[in-house]
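Colleague: Pasting query-v4.cif here (mmCIF, C-alpha atoms and all ligand atoms):
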data_data
loop_
_atom_site.label_atom_id
_atom_site.label_comp_id
_atom_site.auth_asym_id
_atom_site.auth_seq_id
_atom_site.Cartn_x
_atom_site.Cartn_y
_atom_site.Cartn_z
CA MET V 1321 -7.58 -23.84 -1.23
CA SER V 1322 -9.96 -21.84 -3.40
CA GLY V 1323 -11.05 -23.02 -6.82
CA GLN V 1324 -9.60 -21.76 -10.09
CA SER V 1325 -12.14 -18.97 -10.37
CA ALA V 1326 -11.08 -17.30 -7.10
CA LYS V 1327 -9.54 -13.87 -7.49
CA ILE V 1328 -5.81 -13.73 -6.83
CA ALA V 1329 -4.37 -10.83 -4.85
CA LEU V 1330 -0.83 -9.89 -3.95
CA VAL V 1331 -0.35 -7.66 -0.90
CA THR V 1332 3.10 -6.18 -0.25
CA GLY V 1333 4.38 -5.64 3.29
CA ALA V 1334 1.73 -8.06 4.49
CA ASN V 1335 3.60 -9.84 7.28
CA ARG V 1336 2.33 -7.31 9.85
CA GLY V 1337 0.26 -4.19 10.37
CA ILE V 1338 -2.32 -2.97 7.88
CA GLY V 1339 -1.00 -5.22 5.09
CA PHE V 1340 -1.47 -8.37 7.18
CA GLU V 1341 -5.04 -7.35 7.94
CA ILE V 1342 -5.77 -6.49 4.29
CA ALA V 1343 -4.52 -9.99 3.42
CA ARG V 1344 -6.78 -11.52 6.07
CA GLN V 1345 -9.88 -9.56 5.05
CA LEU V 1346 -9.38 -10.28 1.34
CA ALA V 1347 -8.94 -14.00 2.08
CA GLU V 1348 -12.08 -13.92 4.23
CA GLN V 1349 -13.88 -12.67 1.09
CA GLY V 1350 -12.75 -15.77 -0.82
CA VAL V 1351 -9.73 -14.21 -2.50
CA GLN V 1352 -6.59 -16.34 -2.90
CA VAL V 1353 -3.98 -14.11 -1.24
CA LEU V 1354 -0.26 -13.98 -1.93
CA LEU V 1355 1.08 -12.55 1.31
CA ALA V 1356 4.31 -10.77 0.41
CA GLY V 1357 7.10 -9.39 2.54
CA ARG V 1358 10.86 -9.00 2.59
CA ASN V 1359 11.68 -11.36 5.44
CA ALA V 1360 11.12 -15.01 4.52
CA GLU V 1361 10.64 -16.15 8.11
CA ALA V 1362 8.18 -13.37 8.98
CA VAL V 1363 6.22 -13.95 5.78
CA GLY V 1364 6.09 -17.70 6.36
CA GLU V 1365 4.85 -17.23 9.93
CA ALA V 1366 2.21 -14.68 8.90
CA ALA V 1367 0.93 -16.94 6.11
CA LEU V 1368 0.84 -19.92 8.46
CA ARG V 1369 -1.19 -17.90 10.96
CA LEU V 1370 -3.84 -17.09 8.37
CA ARG V 1371 -3.82 -20.62 6.96
CA GLY V 1372 -4.47 -21.74 10.55
CA GLU V 1373 -7.66 -19.68 10.34
CA GLY V 1374 -8.65 -21.70 7.27
CA LEU V 1375 -7.76 -18.94 4.80
CA ALA V 1376 -6.22 -19.43 1.34
CA VAL V 1377 -2.92 -17.60 1.77
CA GLU V 1378 0.50 -18.28 0.25
CA PRO V 1379 3.77 -16.63 1.32
CA VAL V 1380 5.82 -14.70 -1.26
CA VAL V 1381 9.24 -13.24 -0.49
CA LEU V 1382 9.33 -9.77 -2.01
CA ASP V 1383 11.49 -6.83 -0.98
CA VAL V 1384 10.07 -3.90 -2.95
CA THR V 1385 13.52 -2.28 -3.14
CA ASP V 1386 15.18 -5.35 -4.71
CA SER V 1387 14.82 -5.32 -8.51
CA ALA V 1388 16.04 -8.90 -9.01
CA GLY V 1389 13.72 -10.12 -6.24
CA ILE V 1390 10.77 -8.31 -7.80
CA ARG V 1391 11.47 -9.93 -11.17
CA ALA V 1392 11.82 -13.36 -9.53
CA ALA V 1393 8.57 -12.99 -7.59
CA ALA V 1394 6.71 -11.82 -10.70
CA ALA V 1395 8.06 -14.78 -12.69
CA ALA V 1396 7.01 -17.20 -9.94
CA VAL V 1397 3.47 -15.78 -9.77
CA GLU V 1398 3.22 -15.78 -13.57
CA SER V 1399 4.24 -19.42 -13.84
CA ARG V 1400 2.00 -20.56 -10.97
CA TYR V 1401 -1.16 -18.45 -11.60
CA GLY V 1402 -0.73 -16.74 -14.99
CA ARG V 1403 -2.66 -13.67 -13.86
CA LEU V 1404 -3.15 -11.29 -10.95
CA ASP V 1405 -6.54 -9.74 -10.16
CA ILE V 1406 -5.53 -7.45 -7.31
CA LEU V 1407 -2.26 -5.75 -6.39
CA VAL V 1408 -2.17 -3.92 -3.06
CA ASN V 1409 0.96 -1.78 -2.78
CA ASN V 1410 0.97 -1.54 0.99
CA ALA V 1411 4.66 -1.81 1.98
CA GLY V 1412 5.87 1.49 3.36
CA ILE V 1413 8.33 3.05 5.78
CA ARG V 1414 8.54 6.12 7.97
CA VAL V 1415 12.15 6.62 8.97
CA GLU V 1416 12.07 10.29 9.98
CA GLU V 1417 12.10 11.31 13.62
CA TYR V 1418 9.36 13.52 14.91
CA GLY V 1419 10.40 16.91 16.25
CA ARG V 1420 12.85 18.11 13.59
CA GLN V 1421 12.13 20.94 11.16
CA PRO V 1422 11.58 19.81 7.53
CA SER V 1423 14.94 21.29 6.47
CA GLU V 1424 16.75 19.37 9.21
CA GLN V 1425 15.86 15.88 7.98
CA PRO V 1426 18.96 14.33 6.36
CA LEU V 1427 18.93 13.56 2.64
CA HIS V 1428 19.69 9.87 3.08
CA GLN V 1429 16.29 9.51 4.74
CA TRP V 1430 14.64 11.09 1.69
CA ARG V 1431 16.35 8.56 -0.58
CA GLU V 1432 15.53 5.61 1.68
CA THR V 1433 11.89 6.70 1.96
CA PHE V 1434 11.41 7.24 -1.76
CA ASP V 1435 13.14 3.93 -2.58
CA THR V 1436 10.41 2.05 -0.70
CA ASN V 1437 7.33 4.27 -0.78
CA LEU V 1438 7.55 5.40 -4.41
CA PHE V 1439 10.14 3.58 -6.53
CA GLY V 1440 9.24 0.24 -4.90
CA VAL V 1441 5.59 0.72 -5.80
CA VAL V 1442 6.39 1.77 -9.37
CA GLU V 1443 8.75 -1.15 -9.96
CA VAL V 1444 6.46 -3.77 -8.43
CA THR V 1445 3.50 -2.43 -10.41
CA ILE V 1446 5.38 -2.44 -13.71
CA ALA V 1447 6.58 -6.01 -13.04
CA PHE V 1448 3.08 -7.32 -12.29
CA LEU V 1449 1.10 -5.21 -14.76
CA PRO V 1450 1.27 -7.76 -17.61
CA MET V 1451 -0.42 -10.29 -15.26
CA ILE V 1452 -2.98 -7.73 -14.08
CA ARG V 1453 -3.87 -7.07 -17.73
CA LYS V 1454 -4.72 -10.78 -18.05
CA ALA V 1455 -7.28 -10.57 -15.22
CA ALA V 1456 -10.91 -9.85 -16.07
CA ALA V 1457 -11.07 -6.74 -13.88
CA GLY V 1458 -7.69 -5.81 -12.40
CA ARG V 1459 -7.49 -3.61 -9.32
CA ILE V 1460 -4.41 -1.74 -8.12
CA VAL V 1461 -4.56 -0.17 -4.67
CA ASN V 1462 -1.79 2.16 -3.59
CA VAL V 1463 -1.70 2.60 0.16
CA SER V 1464 -1.01 6.29 0.49
CA SER V 1465 -1.66 8.59 3.45
CA LEU V 1466 -3.53 11.79 4.17
CA LEU V 1467 -0.03 13.17 4.80
CA GLY V 1468 0.39 12.95 1.01
CA SER V 1469 -2.34 15.56 0.58
CA LEU V 1470 -0.88 18.97 -0.25
CA GLY V 1471 -4.31 20.52 0.33
CA THR V 1472 -4.40 19.11 3.85
CA HIS V 1473 -0.80 20.07 4.60
CA SER V 1474 -1.36 23.69 3.56
CA ASP V 1475 -4.64 24.13 5.44
CA PRO V 1476 -3.95 25.82 8.81
CA SER V 1477 -7.10 24.26 10.26
CA SER V 1478 -5.90 20.73 9.45
CA TYR V 1479 -4.26 18.34 11.90
CA ALA V 1480 -1.34 18.05 9.46
CA TYR V 1481 -0.58 21.76 9.95
CA SER V 1482 1.45 21.04 13.06
CA ASP V 1483 5.06 20.66 14.17
CA MET V 1484 4.50 16.94 14.58
CA PHE V 1485 3.28 16.20 11.05
CA LYS V 1486 5.52 18.79 9.37
CA SER V 1487 8.49 16.83 10.68
CA LEU V 1488 7.89 13.99 8.19
CA PRO V 1489 8.63 15.81 4.89
CA ALA V 1490 10.13 12.83 3.05
CA TYR V 1491 7.34 10.48 4.11
CA SER V 1492 4.68 13.03 3.17
CA ALA V 1493 6.30 13.90 -0.17
CA SER V 1494 6.69 10.20 -1.01
CA LYS V 1495 2.95 9.76 -0.57
CA SER V 1496 2.22 12.92 -2.63
CA ALA V 1497 4.37 11.41 -5.37
CA LEU V 1498 2.56 8.08 -4.97
CA ASN V 1499 -0.74 9.93 -5.46
CA SER V 1500 0.65 11.46 -8.64
CA TRP V 1501 1.76 8.02 -9.90
CA THR V 1502 -1.75 6.75 -9.16
CA VAL V 1503 -3.29 9.45 -11.37
CA HIS V 1504 -0.81 8.84 -14.18
CA LEU V 1505 -1.27 5.06 -14.21
CA ALA V 1506 -5.05 5.40 -14.00
CA TYR V 1507 -4.87 7.65 -17.08
CA GLU V 1508 -2.77 5.11 -18.99
CA LEU V 1509 -5.23 2.34 -18.11
CA ARG V 1510 -8.42 4.41 -18.52
CA ASP V 1511 -9.69 2.36 -21.47
CA THR V 1512 -9.07 -0.97 -19.76
CA PRO V 1513 -11.09 -2.65 -16.97
CA ILE V 1514 -8.20 -1.98 -14.57
CA LYS V 1515 -8.82 0.52 -11.77
CA VAL V 1516 -5.99 2.25 -9.93
CA ASN V 1517 -6.72 4.08 -6.70
CA ALA V 1518 -4.90 5.59 -3.73
CA VAL V 1519 -6.20 5.06 -0.22
CA HIS V 1520 -5.63 6.63 3.17
CA PRO V 1521 -6.11 3.87 5.79
CA GLY V 1522 -6.70 6.34 8.60
CA TYR V 1523 -4.40 7.02 11.55
CA THR V 1524 -4.00 3.41 12.67
CA ARG V 1525 -2.39 1.85 15.74
CA THR V 1526 0.49 -0.03 14.06
CA ASP V 1527 4.24 -0.32 14.68
CA MET V 1528 4.76 2.60 12.27
CA ASN V 1529 3.07 4.86 14.81
CA ASP V 1530 4.46 3.09 17.88
CA GLY V 1531 0.94 1.83 18.55
CA GLU V 1532 -0.59 5.35 18.49
CA GLY V 1533 -3.60 6.17 16.33
CA GLN V 1534 -7.36 6.53 16.11
CA LEU V 1535 -8.21 3.24 14.39
CA ASP V 1536 -7.51 -0.35 15.23
CA ILE V 1537 -5.74 -2.35 12.53
CA PRO V 1538 -8.83 -4.17 11.13
CA GLU V 1539 -10.52 -0.77 10.67
CA GLY V 1540 -7.36 0.66 9.08
CA ALA V 1541 -7.40 -2.17 6.52
CA ARG V 1542 -10.99 -1.60 5.45
CA THR V 1543 -10.54 1.16 2.84
CA GLY V 1544 -7.83 -0.81 1.04
CA VAL V 1545 -9.99 -3.93 0.98
CA ARG V 1546 -13.00 -2.00 -0.30
CA MET V 1547 -10.97 -0.50 -3.17
CA ALA V 1548 -9.41 -3.90 -3.97
CA LEU V 1549 -12.88 -5.40 -4.42
CA LEU V 1550 -14.35 -2.45 -6.31
CA ASP V 1551 -17.15 -3.09 -8.81
CA SER V 1552 -16.83 -2.10 -12.46
CA ASP V 1553 -18.76 1.12 -11.80
CA GLY V 1554 -16.29 2.22 -9.12
CA PRO V 1555 -13.80 5.08 -9.56
CA THR V 1556 -10.29 5.02 -10.94
CA GLY V 1557 -7.58 7.59 -10.25
CA SER V 1558 -9.22 8.51 -6.95
CA TYR V 1559 -7.83 9.18 -3.46
CA VAL V 1560 -10.17 8.01 -0.73
CA HIS V 1561 -10.68 7.13 2.90
CA GLN V 1562 -13.74 5.13 3.97
CA GLY V 1563 -15.75 6.19 0.91
CA GLU V 1564 -14.83 9.88 1.25
CA VAL V 1565 -12.85 11.56 -1.55
CA LEU V 1566 -9.76 13.32 -0.17
CA PRO V 1567 -8.20 16.59 -1.38
CA TRP V 1568 -5.02 16.08 -3.41
P1 LIG Z 1 4.04 -1.15 9.65
O1 LIG Z 1 3.26 -1.77 10.76
O2 LIG Z 1 5.33 -0.47 9.94
O3 LIG Z 1 4.24 -2.26 8.50
C1 LIG Z 1 4.96 -1.93 7.36
C2 LIG Z 1 5.07 -3.16 6.49
O4 LIG Z 1 5.82 -2.79 5.29
C3 LIG Z 1 5.85 -4.30 7.15
O5 LIG Z 1 5.30 -5.53 6.76
C4 LIG Z 1 7.23 -4.12 6.57
O6 LIG Z 1 8.00 -5.31 6.56
C5 LIG Z 1 6.87 -3.73 5.16
N1 LIG Z 1 8.00 -3.20 4.42
C6 LIG Z 1 8.77 -2.14 4.70
N2 LIG Z 1 9.73 -2.01 3.78
C7 LIG Z 1 9.57 -3.03 2.90
C8 LIG Z 1 10.25 -3.46 1.75
N3 LIG Z 1 11.35 -2.83 1.30
N4 LIG Z 1 9.78 -4.54 1.07
C9 LIG Z 1 8.69 -5.19 1.51
N5 LIG Z 1 8.02 -4.87 2.62
C10 LIG Z 1 8.46 -3.80 3.30
O7 LIG Z 1 3.17 -0.04 8.90
P2 LIG Z 1 1.59 0.13 8.66
O8 LIG Z 1 1.14 1.20 9.58
O9 LIG Z 1 0.93 -1.19 8.63
O10 LIG Z 1 1.63 0.78 7.21
C11 LIG Z 1 1.19 0.11 6.03
C12 LIG Z 1 0.99 1.17 4.96
O11 LIG Z 1 -0.01 2.11 5.41
C13 LIG Z 1 2.23 2.01 4.69
O12 LIG Z 1 2.35 2.27 3.31
C14 LIG Z 1 1.97 3.29 5.45
O13 LIG Z 1 2.67 4.40 4.90
C15 LIG Z 1 0.48 3.43 5.26
N6 LIG Z 1 -0.19 4.29 6.24
C16 LIG Z 1 -0.23 3.94 7.56
C17 LIG Z 1 -0.91 4.76 8.45
C18 LIG Z 1 -1.01 4.42 9.90
O14 LIG Z 1 -1.58 5.23 10.65
N7 LIG Z 1 -0.51 3.30 10.38
C19 LIG Z 1 -1.54 5.94 8.01
C20 LIG Z 1 -1.46 6.26 6.67
C21 LIG Z 1 -0.80 5.42 5.80
P3 LIG Z 1 9.05 -5.70 7.75
O15 LIG Z 1 8.24 -6.39 8.81
O16 LIG Z 1 10.02 -6.60 7.05
O17 LIG Z 1 9.66 -4.43 8.23
#
Please render this file's structure as structure tokens.

Modeller:
Amino acid sequence: MSGQSAKIALVTGANRGIGFEIARQLAEQGVQVLLAGRNAEAVGEAALRLRGEGLAVEPVVLDVTDSAGIRAAAAAVESRYGRLDILVNNAGIRVEEYGRQPSEQPLHQWRETFDTNLFGVVEVTIAFLPMIRKAAAGRIVNVSSLLGSLGTHSDPSSYAYSDMFKSLPAYSASKSALNSWTVHLAYELRDTPIKVNAVHPGYTRTDMNDGEGQLDIPEGARTGVRMALLDSDGPTGSYVHQGEVLPW
């Protein structure tokens, strides 16, 4: 277990995929990681796996769509640690099927997607913000996607200008809205040490993509980790991938 001066990070949706690897890489940097997820068994197993590697990781049950659960998790972290240095809003879903036109995707999928990818992030952030304000240099990382970029989506030369990526309108719009939330919160916190940034992990071979993608999971975690450990001269309100600023 790290000493009292170790940074404390909470990573949502960290029982698998990019979130699990962000948790691992932060812990490898000496951060005390609260590995959060909605399934108690999966979260416990994931935390045990990283503890088996000698890393300082604690499981936290947190479904980002469950208001009472969010309040309970925030209260538990407050009473145990009293502050939070890093919040990585990683939990996300893609429920749409590839191959349909944007207008053919049913509305219930829009609601389900926004509940997790936007409202979940907003609610978790608001619940933990008082603890982040108590940290010396709070960092909030919103795991977005290049599919949230309207500039990329409307550029005919971009990979997103394709039947495949135009068939995820709710997912893409939820990440555009997440980018907007990032800018708004960064503005609110502009005179504090807290930095709020959106990251695109890269097209990563996780379950979300049925194992397809250009990056392996450790590489996909890297941008989020870098922005979580940002120095005081780093940006806020930015949207980045591997050090490159992305078009909104
Ligand atoms: P993944 O392998 O499908 O993992 C998603 C994680 O989110 C899982 O741990 C899942 O938990 C969790 N989750 C889903 N709904 C949740 C909820 N209501 N409460 C708490 N946790 C919840 O996906 P991934 O590829 O690692 O994606 C991680 C993030 O990166 C997402 O925000 C995604 O949009 C973003 N992203 C991914 C890619 C990519 O190429 N993979 C590209 C751009 C952006 P369960 O195990 O309980 O389902």

Colleague: As a quick test: using all atoms listed in the file, which residues lie no more than 6 Å away from ligand LIG 1 (chain Z)? Give them as a PDB file with C-alpha atoms, keeping the file's coordinate frame.

Modeller:
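File pocket30.pdb, as written:
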ATOM      1  CA  THR V1332       3.100  -6.180  -0.250  1.00  0.00           C
ATOM      2  CA  GLY V1333       4.380  -5.640   3.290  1.00  0.00           C
ATOM      3  CA  ALA V1334       1.730  -8.060   4.490  1.00  0.00           C
ATOM      4  CA  ASN V1335       3.600  -9.840   7.280  1.00  0.00           C
ATOM      5  CA  ARG V1336       2.330  -7.310   9.850  1.00  0.00           C
ATOM      6  CA  GLY V1337       0.260  -4.190  10.370  1.00  0.00           C
ATOM      7  CA  ILE V1338      -2.320  -2.970   7.880  1.00  0.00           C
ATOM      8  CA  GLY V1339      -1.000  -5.220   5.090  1.00  0.00           C
ATOM      9  CA  GLY V1357       7.100  -9.390   2.540  1.00  0.00           C
ATOM     10  CA  ARG V1358      10.860  -9.000   2.590  1.00  0.00           C
ATOM     11  CA  ASN V1359      11.680 -11.360   5.440  1.00  0.00           C
ATOM     12  CA  LEU V1382       9.330  -9.770  -2.010  1.00  0.00           C
ATOM     13  CA  ASP V1383      11.490  -6.830  -0.980  1.00  0.00           C
ATOM     14  CA  VAL V1384      10.070  -3.900  -2.950  1.00  0.00           C
ATOM     15  CA  THR V1385      13.520  -2.280  -3.140  1.00  0.00           C
ATOM     16  CA  ASN V1410       0.970  -1.540   0.990  1.00  0.00           C
ATOM     17  CA  ALA V1411       4.660  -1.810   1.980  1.00  0.00           C
ATOM     18  CA  GLY V1412       5.870   1.490   3.360  1.00  0.00           C
ATOM     19  CA  ILE V1413       8.330   3.050   5.780  1.00  0.00           C
ATOM     20  CA  THR V1436      10.410   2.050  -0.700  1.00  0.00           C
ATOM     21  CA  VAL V1463      -1.700   2.600   0.160  1.00  0.00           C
ATOM     22  CA  SER V1464      -1.010   6.290   0.490  1.00  0.00           C
ATOM     23  CA  SER V1465      -1.660   8.590   3.450  1.00  0.00           C
ATOM     24  CA  HIS V1520      -5.630   6.630   3.170  1.00  0.00           C
ATOM     25  CA  PRO V1521      -6.110   3.870   5.790  1.00  0.00           C
ATOM     26  CA  GLY V1522      -6.700   6.340   8.600  1.00  0.00           C
ATOM     27  CA  TYR V1523      -4.400   7.020  11.550  1.00  0.00           C
ATOM     28  CA  THR V1524      -4.000   3.410  12.670  1.00  0.00           C
ATOM     29  CA  ARG V1525      -2.390   1.850  15.740  1.00  0.00           C
ATOM     30  CA  THR V1526       0.490  -0.030  14.060  1.00  0.00           C
ATOM     31  CA  ASP V1527       4.240  -0.320  14.680  1.00  0.00           C
ATOM     32  CA  MET V1528       4.760   2.600  12.270  1.00  0.00           C
ATOM     33  CA  ASN V1529       3.070   4.860  14.810  1.00  0.00           C
TER      34      ASN V1529
END

Colleague: Go through V:Gly1419, V:Pro1555, V:Pro1450, V:Gly1468 one by one, measure the shortest atom-to-atom distance of each to V:Asn1499 using all atoms listed in the file, and give the residue with the smallest value.

Modeller: V:Gly1468

Colleague: If you count all atoms listed in the file, which residues fall within 8 Å of stretch 1431-1435 of chain V, apart from same-chain ones fewer than 6 positions away, as number ranges by chain?

Modeller: V: 1385, 1413-1415, 1490-1491, 1494

Colleague: Work out how far atom CA of V:Ala1518 is from atom CA of V:Val1560, in Å to one decimal.

Modeller: 6.5 Å

Colleague: What does the distance between atom CA of V:Ser1482 and atom CA of V:Leu1466 come to in Å, to one decimal place?

Modeller: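 Computed distance, atom CA of V:Ser1482 to atom CA of V:Leu1466, equals 13.8 Å.
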
Colleague: Figure out the distance between atom CA of V:Glu1532 and atom CA of V:Ser1478, please, to one decimal in Å.

Modeller: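 So the two atoms, atom CA of V:Ser1478 and atom CA of V:Glu1532, lie 18.6 Å apart.
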
Colleague: When you look at V:Ile1328 with a cut-off of 12 Å (counting all atoms listed in the file), what residues show up, excluding the ones that are within fewer than 2 positions of it in the same chain? I need them as a VMD selection string.

Modeller: chain V and resid 1321 to 1326 1330 to 1331 1343 1346 to 1347 1349 to 1355 1376 to 1378 1397 to 1398 1400 to 1408 1451 to 1452 1454 to 1459 1548 to 1549

Colleague: Keeping C-alpha atoms, export the residues of the selection given above as a PDB file, in the coordinates of the input.

Modeller:
ATOM      1  CA  MET V1321      -7.580 -23.840  -1.230  1.00  0.00           C
ATOM      2  CA  SER V1322      -9.960 -21.840  -3.400  1.00  0.00           C
ATOM      3  CA  GLY V1323     -11.050 -23.020  -6.820  1.00  0.00           C
ATOM      4  CA  GLN V1324      -9.600 -21.760 -10.090  1.00  0.00           C
ATOM      5  CA  SER V1325     -12.140 -18.970 -10.370  1.00  0.00           C
ATOM      6  CA  ALA V1326     -11.080 -17.300  -7.100  1.00  0.00           C
ATOM      7  CA  LEU V1330      -0.830  -9.890  -3.950  1.00  0.00           C
ATOM      8  CA  VAL V1331      -0.350  -7.660  -0.900  1.00  0.00           C
ATOM      9  CA  ALA V1343      -4.520  -9.990   3.420  1.00  0.00           C
ATOM     10  CA  LEU V1346      -9.380 -10.280   1.340  1.00  0.00           C
ATOM     11  CA  ALA V1347      -8.940 -14.000   2.080  1.00  0.00           C
ATOM     12  CA  GLN V1349     -13.880 -12.670   1.090  1.00  0.00           C
ATOM     13  CA  GLY V1350     -12.750 -15.770  -0.820  1.00  0.00           C
ATOM     14  CA  VAL V1351      -9.730 -14.210  -2.500  1.00  0.00           C
ATOM     15  CA  GLN V1352      -6.590 -16.340  -2.900  1.00  0.00           C
ATOM     16  CA  VAL V1353      -3.980 -14.110  -1.240  1.00  0.00           C
ATOM     17  CA  LEU V1354      -0.260 -13.980  -1.930  1.00  0.00           C
ATOM     18  CA  LEU V1355       1.080 -12.550   1.310  1.00  0.00           C
ATOM     19  CA  ALA V1376      -6.220 -19.430   1.340  1.00  0.00           C
ATOM     20  CA  VAL V1377      -2.920 -17.600   1.770  1.00  0.00           C
ATOM     21  CA  GLU V1378       0.500 -18.280   0.250  1.00  0.00           C
ATOM     22  CA  VAL V1397       3.470 -15.780  -9.770  1.00  0.00           C
ATOM     23  CA  GLU V1398       3.220 -15.780 -13.570  1.00  0.00           C
ATOM     24  CA  ARG V1400       2.000 -20.560 -10.970  1.00  0.00           C
ATOM     25  CA  TYR V1401      -1.160 -18.450 -11.600  1.00  0.00           C
ATOM     26  CA  GLY V1402      -0.730 -16.740 -14.990  1.00  0.00           C
ATOM     27  CA  ARG V1403      -2.660 -13.670 -13.860  1.00  0.00           C
ATOM     28  CA  LEU V1404      -3.150 -11.290 -10.950  1.00  0.00           C
ATOM     29  CA  ASP V1405      -6.540  -9.740 -10.160  1.00  0.00           C
ATOM     30  CA  ILE V1406      -5.530  -7.450  -7.310  1.00  0.00           C
ATOM     31  CA  LEU V1407      -2.260  -5.750  -6.390  1.00  0.00           C
ATOM     32  CA  VAL V1408      -2.170  -3.920  -3.060  1.00  0.00           C
ATOM     33  CA  MET V1451      -0.420 -10.290 -15.260  1.00  0.00           C
ATOM     34  CA  ILE V1452      -2.980  -7.730 -14.080  1.00  0.00           C
ATOM     35  CA  LYS V1454      -4.720 -10.780 -18.050  1.00  0.00           C
ATOM     36  CA  ALA V1455      -7.280 -10.570 -15.220  1.00  0.00           C
ATOM     37  CA  ALA V1456     -10.910  -9.850 -16.070  1.00  0.00           C
ATOM     38  CA  ALA V1457     -11.070  -6.740 -13.880  1.00  0.00           C
ATOM     39  CA  GLY V1458      -7.690  -5.810 -12.400  1.00  0.00           C
ATOM     40  CA  ARG V1459      -7.490  -3.610  -9.320  1.00  0.00           C
ATOM     41  CA  ALA V1548      -9.410  -3.900  -3.970  1.00  0.00           C
ATOM     42  CA  LEU V1549     -12.880  -5.400  -4.420  1.00  0.00           C
TER      43      LEU V1549
END

Colleague: Do you know which residues are at most 6 Å from V:Tyr1559 counting only C-alpha atoms, after dropping those on the same chain fewer than 2 positions away, and could you put them as JSON, numbers by chain?

Modeller: {"V": [1518, 1519, 1565, 1566]}

Colleague: Any chance you could build stretch 1555-1567 of chain V out to N, CA and C atoms and write it as a PDB file, keeping the file's coordinate frame?

Modeller:
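As a result, out_13.pdb now contains:
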ATOM      1  N   PRO V1555     -14.710   4.074  -8.998  1.00  0.00           N
ATOM      2  CA  PRO V1555     -13.800   5.080  -9.560  1.00  0.00           C
ATOM      3  C   PRO V1555     -12.434   4.526  -9.925  1.00  0.00           C
ATOM      4  N   THR V1556     -11.719   5.279 -10.756  1.00  0.00           N
ATOM      5  CA  THR V1556     -10.290   5.020 -10.940  1.00  0.00           C
ATOM      6  C   THR V1556      -9.589   6.375 -10.844  1.00  0.00           C
ATOM      7  N   GLY V1557      -8.330   6.343 -10.421  1.00  0.00           N
ATOM      8  CA  GLY V1557      -7.580   7.590 -10.250  1.00  0.00           C
ATOM      9  C   GLY V1557      -8.076   8.415  -9.081  1.00  0.00           C
ATOM     10  N   SER V1558      -8.688   7.752  -8.083  1.00  0.00           N
ATOM     11  CA  SER V1558      -9.220   8.510  -6.950  1.00  0.00           C
ATOM     12  C   SER V1558      -8.316   8.336  -5.720  1.00  0.00           C
ATOM     13  N   TYR V1559      -8.608   9.142  -4.706  1.00  0.00           N
ATOM     14  CA  TYR V1559      -7.830   9.180  -3.460  1.00  0.00           C
ATOM     15  C   TYR V1559      -8.865   9.230  -2.350  1.00  0.00           C
ATOM     16  N   VAL V1560      -9.009   8.135  -1.616  1.00  0.00           N
ATOM     17  CA  VAL V1560     -10.170   8.010  -0.730  1.00  0.00           C
ATOM     18  C   VAL V1560      -9.795   7.459   0.653  1.00  0.00           C
ATOM     19  N   HIS V1561     -10.719   7.736   1.561  1.00  0.00           N
ATOM     20  CA  HIS V1561     -10.680   7.130   2.900  1.00  0.00           C
ATOM     21  C   HIS V1561     -12.116   6.834   3.303  1.00  0.00           C
ATOM     22  N   GLN V1562     -12.408   5.569   3.529  1.00  0.00           N
ATOM     23  CA  GLN V1562     -13.740   5.130   3.970  1.00  0.00           C
ATOM     24  C   GLN V1562     -14.851   5.779   3.145  1.00  0.00           C
ATOM     25  N   GLY V1563     -14.709   5.715   1.817  1.00  0.00           N
ATOM     26  CA  GLY V1563     -15.750   6.190   0.910  1.00  0.00           C
ATOM     27  C   GLY V1563     -15.744   7.691   0.677  1.00  0.00           C
ATOM     28  N   GLU V1564     -14.882   8.415   1.398  1.00  0.00           N
ATOM     29  CA  GLU V1564     -14.830   9.880   1.250  1.00  0.00           C
ATOM     30  C   GLU V1564     -13.653  10.228   0.336  1.00  0.00           C
ATOM     31  N   VAL V1565     -13.923  11.121  -0.649  1.00  0.00           N
ATOM     32  CA  VAL V1565     -12.850  11.560  -1.550  1.00  0.00           C
ATOM     33  C   VAL V1565     -12.003  12.600  -0.822  1.00  0.00           C
ATOM     34  N   LEU V1566     -10.678  12.433  -0.896  1.00  0.00           N
ATOM     35  CA  LEU V1566      -9.760  13.320  -0.170  1.00  0.00           C
ATOM     36  C   LEU V1566      -9.213  14.398  -1.101  1.00  0.00           C
ATOM     37  N   PRO V1567      -8.822  15.533  -0.549  1.00  0.00           N
ATOM     38  CA  PRO V1567      -8.200  16.590  -1.380  1.00  0.00           C
ATOM     39  C   PRO V1567      -6.772  16.194  -1.747  1.00  0.00           C
TER      40      PRO V1567
END
